[in-house]
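The block underneath contains the structure these notes are about, expressed in structure tokens.
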Amino acid sequence: MLTRLFRMHGLLVASHPWEVIVGTVTLTICMMSMNMFTGNDQICGWNFDCPKTEEQILSSDIIILTITRCIAIVYIYFQFQNLRQLGSKYILGIAGLFTIFSSFVFSTVVIHFLDKELTGLNEALPFFLLLIDLSKACALAKFALSSNSQDEVRDNIARGMAVLGPTFTLDALVECLVIGVGTMSGVRQLEIMCCFGCMSVLANYFVFMTFFPACVSLVLELSRESQEGHPIWQLSHFSRVMEEEEDNKPNPVTQRVKMIMSLGLVMVHAHSRWIAEPLSINTTVGIPEVGMESDHLSPRRIEPEKPLWHFYLTRLITMDIEQVICLALALLLAIKYIFFEQVEMESTLSLKNPITMSAPTIAPRRPAEACCRKELLAPHHPASTSGMGAHTLASKEDGDEVIRPLPVLTPEPQPKHIFVIREGEEEIKPEVTQMSLPLKPRELVECVAILNNPEQGPRCLSDAEVMMLVNSKHIPAYKLEALMERPERGVSIRRQMISTKLPSPSALSSLPFTHYDYSKVMGTCCENVIGYMPVPVGVAGPLHLDGKQFQVPLATTEGCLVASTNRGCRAIALGGGASSCILADSMTRGPVVRLPSALQAAEVKAWLESTNGFQIVKEAFDSTSRFARLQKLLVGQAGRNLYIRFHSKTGDAMGMNMISKGTEQALSRLQQHFPDLQLMAISGNYCTDKKPAAINWIEGRGKSAVSEATIPAKVVKEVLKTTTEALIEVNITKNLVGSAMAGSIGGFNAHAANLVAAIYIACGQDPAQSVGSSNCITLMEASGPTGEDLYISCTMPSIELGTVGGGTNLPPQQACLQMLGVQGASEECPGENARQLARVVCATVLAGELSLMAALAAGHLVKSHMTHNRSKVNLQEPGTCSKKAL
């Protein structure tokens, strides 16, 4: 109930920041202008003379007061230092705003409600500073800064208020009751100080619940508007703040103890103030006399003998020694905070820099006692100054040491700098950042000992020392990612090692490598990694296929391809959509085996083609996988060699590893029946994989699919800018006769490989398999009552793809598969996701064929490519080649 109430309150305050701020300020100003609560309207200053009461001041009181003030100043300094370690100027600014305004509200309240006892106000001021706690305010600010939109800012502030509000309320109540006990002590100075403390707690609570969340919401809203709706803070490690704060909810037992304590203190206050109230009636008799006696203490207006500036300058010069000490301490800490802590900040923060490469990678948590690897900048890595900006920080002075950061690449320098913080940074203790490594690499024996020490390991070695261990064969170069504390560091070191061996040391500076999850690459997709290749990804669609709509991702660097396919999709949609179906589903593997003679090979061939022989082989094959199911065997003989083509379903995987495993087991069973059989190669090119082959075109491989569509004559004319008759004629002369004249195998199409390769790259398929997968025959016919409509079909017998395994495990490729709704394995029907992807590929090829053939028929191909597919960069001056040739 309380959580919901505080959540509603937080949402209200964050949704109406202007109203709350104006209302709070107005209320404060009204309180300042009210004299009805005060017992004294005394004003002292330049033109008023205020007689002072004589008080006996002990030197011990002055010393204690000075120490208290200094402690308060140092306490505030450490609070702001802790805030600065968060690395956000927003946290600092918001916390400062909270402190200043709460002080303003507090002093206003105290002056108007405790005016008659201002004698002890000066002593109580340090007490107010000691009661300020910015932790809750910072936690609420972090809730807001973890948002990506203004609506999310409001929701997160409300959520933060729901988490922090009840705890803060109970803490404020307990503090007020505990401190309030001192107001019943009978000691005047203690009563004033305790009353002052209670007002301090209430003022902080009032500001935290109203003014502060409204200001946070307003500041973030204005900063977002200045960036055209994009947040100008980049605090990625705050993204988990809500979960962390909710996990750190106070112990219910502690909350119950606080509530019981609060009830007890309320009873103490009630007994002291209400039950003992009659005893205090007699104390009011002397009040009129006190008032009469204090008339001579009222201020009187005088004619100033010195100007205003001289008055305040004199007061400044004649400060007491304790005031000088406190002021000097405050100035020294302020100077240290502003000017001398910048270097420390640069060791934990990284300015967004166009030279560096990528956003931060999540760093693993490390114990405080573990050593922290530091990396030396350019001095001992010559390549880093010229070409390896991708693996170091933005350059500082030579010789500086910094904790290895993970910088961010921006294509162009941004008008505003953005701080980027590693997500694990808050886990590292401040003292860890002081640990450093020698400027020069240590001895090889010492480095080997550190590497093999489980408590230290590679994180306590510099990059130069790791490279020394690689060159001395103590670390295999291909295992750098696995042995380093982060795979990304292994990639960085490999880049440093090979950059010095390249014709241009700066060759890798534009190849990014950071902000990538190499754990999904290691042992699966690539070895000796030096980075990753960003490829533009466009989208064509919606593709209307089988009553559904698909947005098809295409990764390509060929201009016009996406635009042309998009036009084909539009024509298909206007014609009512395309239809498709899967004709066959079987991946193949074709090992080659050898027998002592051709006759024995013929005997084995006959046995494999028999029902009994096939069942024995199938039993062995199927035992290796839940999904692999042998469908048929195609056996070819060349002399004493046998080529056995295994056909098997492989579920949603492309299945080469799966079927190879089954093939190996089946051949082992075959050798039991024919001991003279010798396996020559698990792949005898009879599969055939990644090579043009008539057997794939005739027998099929992977998914065999067909798609068709009928395009009305009106759409052909208005969208494709041609006629049905022209399209049919070009298709016959180009795709059929032209391909036959060239002796093409499976190439009876315009550009099926374009679409297959683009989808394969985007969706994590093996691009090399676009060789066989692009086998396609495109047919066009006249249809409709008048023969003016266009019927088009694409038949593709060997689409080799999958939705699990290989490159489909990488997050970007998974995103493209999710666009099509086919990511991962199908839970309802194994293999259905892969079959659906094959249907999408076939229909996308249909759209691309339709648009390109229309451009050829209309004579628009050259014109469109000259407009959209030419480099805008002048690669060399005219005549350069001819001059060199001469």
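Simple scheme: letters A, B, ... for chains in structure tokens order, numbers from 1 for residues in each chain, numbers from 1 for ligands in the order shown.
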
Fill in: Shell around Gln818 (chain A) at 10 Å using only C-alpha atoms, local window under 6 positions removed, as a PyMOL selection string
chain A and resi 763+812+824

Worksheet item: Pick from A:Cys447, A:Ala825, A:Ala598, A:Val178: nearest to Cys195 (chain A), with only C-alpha atoms counted?
Response: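 The closest residue to Cys195 (chain A) is A:Val178.
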